[in-house]
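*Asks:* Just dropping this structure here.
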Amino acid sequence: MGSKVVITKVSALTPLGNNIQTIANHLKNGYSGIKYITRFDTGSFGVRHAGEVDLSELANFSYPEEANLQFKMFYYSLTQLYQELKHSYASERIGCFIGTDPNIATTANLGSMFERYLTKEQGRSLITDRVKVINPSLLLYYASKDFHIHGPAYCNLGTCSASTQAIGAAYKLIKHGELDMAIVGGVSSKIDPVSMSRLSRLDALEETKEDIRDNCRPFDKERRGFTMSEGCVLFVIESEEAAKKRNATILCEISGYGAALDGYSITDPHEEATGMMLSMKRAIQDAGLHMNDIDYINAHGTGTIKNDKYETMAIKQLFGEQAYKLDISSTKSMHGHLMTTAGAMEVLVCMLAIQHEFVPPTIHYANPDEHCDLNYTPREHKNKRINHALTNSFGLGGQNASLIVSKY
């Protein structure tokens with residue numbers, strides 16, 4: 001069976017706020033963190049909205065490198081968790097598993113920089129310095145250097161499933177006694193002209209409507225794409241025995257993990273929803289649960305035509321007639337798609353839903369779709385005791401991952 005794996009601490013920078021209680025209140029009240037973009041001049045862009053993080057508290061913080069925003073959010077958030085790590089465990093028994101992306105797109109002047117310095121005598125070192133500060137490995141370097149984390153560690157680049165996969169990997173290592181504690185979660189910041197242009201060319205992003213409240217409509221018949229967001233959500237997870245030994249406050253349990261790879265399309269879900277269904281099934285089996293033990297599903301629910309259709313199909317395939325009795329929602333309707341941080345954000349949502357006993361709503365849902373005919377908790381939350389929540393992350397290239405978050 002292995003040890004129980006529990007969450008004992010959280011640090012979060014999100015479009016719904018940077019304080020856990022604020023995030024919980026916003027989720028329950030159906031507050032949208034999606035606003036007009038202030039990060040850059042959107043000019044004639046068709047997409048002018050996103051889920052930005054309030055960065056004011058990061059401005060006066062001291063960083064070891066003048067790196068990009070992704071690094072700053074990670075380093076700041078990790079610092080908020082540092083006191084929990086001090087003297088708790090041997091450093092080699094602490095791991096770090098982070099869902100992230102290369103983030104090169106946020107350095108818009110990279111090409112011109114290469115042209116400018118490539119022929120100069122010191123060009124190679126200048127380029128090396130610049131590449132260093134945009135490389136995700138910098139996150140782990142400082143996690144080890146400044147926070148004395150010397151166990152297994154990696155940056156997972158599994159697109160929209162990245163942080164779910166990272167949490168799942170650490171959960172397995174702790175469960176089977178190979179680690180005592182791990183910092184897990186995700187970080188992403190891609191609200192920039194290059195990233196948003198690329199996704200717009202793929203027809204993945206929904207263009208900004210006259211009334212921004214009409215944007216980001218997961219499972220709604222009028223959905224036309226997802227909303228880009230950013231953030232950093234990190235957890236301390238550890239074995240139950242270790243947490244009890246140091247009298248840590250246990251927030252909830254990670255009780256199951258499942259994953260599946262489709263290999264069907266780089267951009268589109270499998271037309272039979274195979275990988276989606278398998279990842280959910282494997283997570284439930286790993287937790288030792290039955291289908292009727294699931295009280296809530298936090299759907300991947302991006303708001304794209306195909307994702308929502310095939311995720312609904314996968315839920316029906318797995319749960320059968322019970323699918324119509326399940327409480328489901330896409331909280332991306334409130335916080336947008338945090339990309340490689342999406343899974344970590346939605347684990348946080350499940351944890352808060354369990355603690356505060358409510359099913360978060362899918363706000364903006366108004367028009368039923370014949371292909372999406374389940375209960376998506378439209379517009380308002382539902383009060384409910386939740387013992388086991390299933391959260392889904394389905395990424396590009398058919399990378400499907402699911403976690404079970406349980407009441408402790």
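Starting from 1 in every chain, residues are counted up; chains themselves are A, B, ... following the order of the structure tokens, and ligands are numbered from 1 as listed.
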Would you write out, as CSV, a table of all residues in range 182-283 of chain A that have an atom no more than 7 Å from an atom of range 358-374 of chain A, listing for each the closest atom pair and the distance in Å to one decimal, considering only C-alpha atoms and ordering rows by chain and rising residue number?
*Replies:*
```
residue,atom,partner,partner_atom,distance
A:Asp214,CA,A:His364,CA,6.6
A:Arg217,CA,A:His364,CA,5.5
A:Pro218,CA,A:Tyr365,CA,7.0
A:Phe219,CA,A:Cys372,CA,5.9
A:Asp220,CA,A:Asn367,CA,5.3
A:Lys221,CA,A:Asp369,CA,4.6
A:Glu222,CA,A:Asn367,CA,6.9
```
*Asks:* Env of Asp268 in chain A: 9 Å cut, atoms = only C-alpha atoms, seq-sep filter 6 positions within chain, self excluded. Answer as a count of residues only.
*Replies:* 5
*Asks:* Which is closer to Met291 in chain A than all the others in A:Arg48, A:His176, A:Lys309, A:Lys325, using only C-alpha atoms?
*Replies:*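 With only C-alpha atoms as the atom set, the closest residue is A:Lys325.
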*Asks:* Using only C-alpha atoms, pick whichever of A:Gln165, A:Asn215, A:Gln355, A:Gln399 has the shortest atom-to-atom distance to Thr267 in chain A.
*Replies:* A:Gln399
*Asks:* Restricting the calculation to only C-alpha atoms, which member of A:Ser144, A:Thr159, A:Asn400, A:Ser333 is positioned closest to Leu27 in chain A?
*Replies:*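 Checking each of A:Ser144, A:Thr159, A:Asn400, A:Ser333 against Leu27 in chain A, counting only C-alpha atoms, the winner is A:Ser333.
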*Asks:* Under the rule that only C-alpha atoms are counted, which of A:Leu55, A:Val233, A:Leu352, A:Met280 is the nearest residue to Thr38 in chain A?
*Replies:* A:Leu55
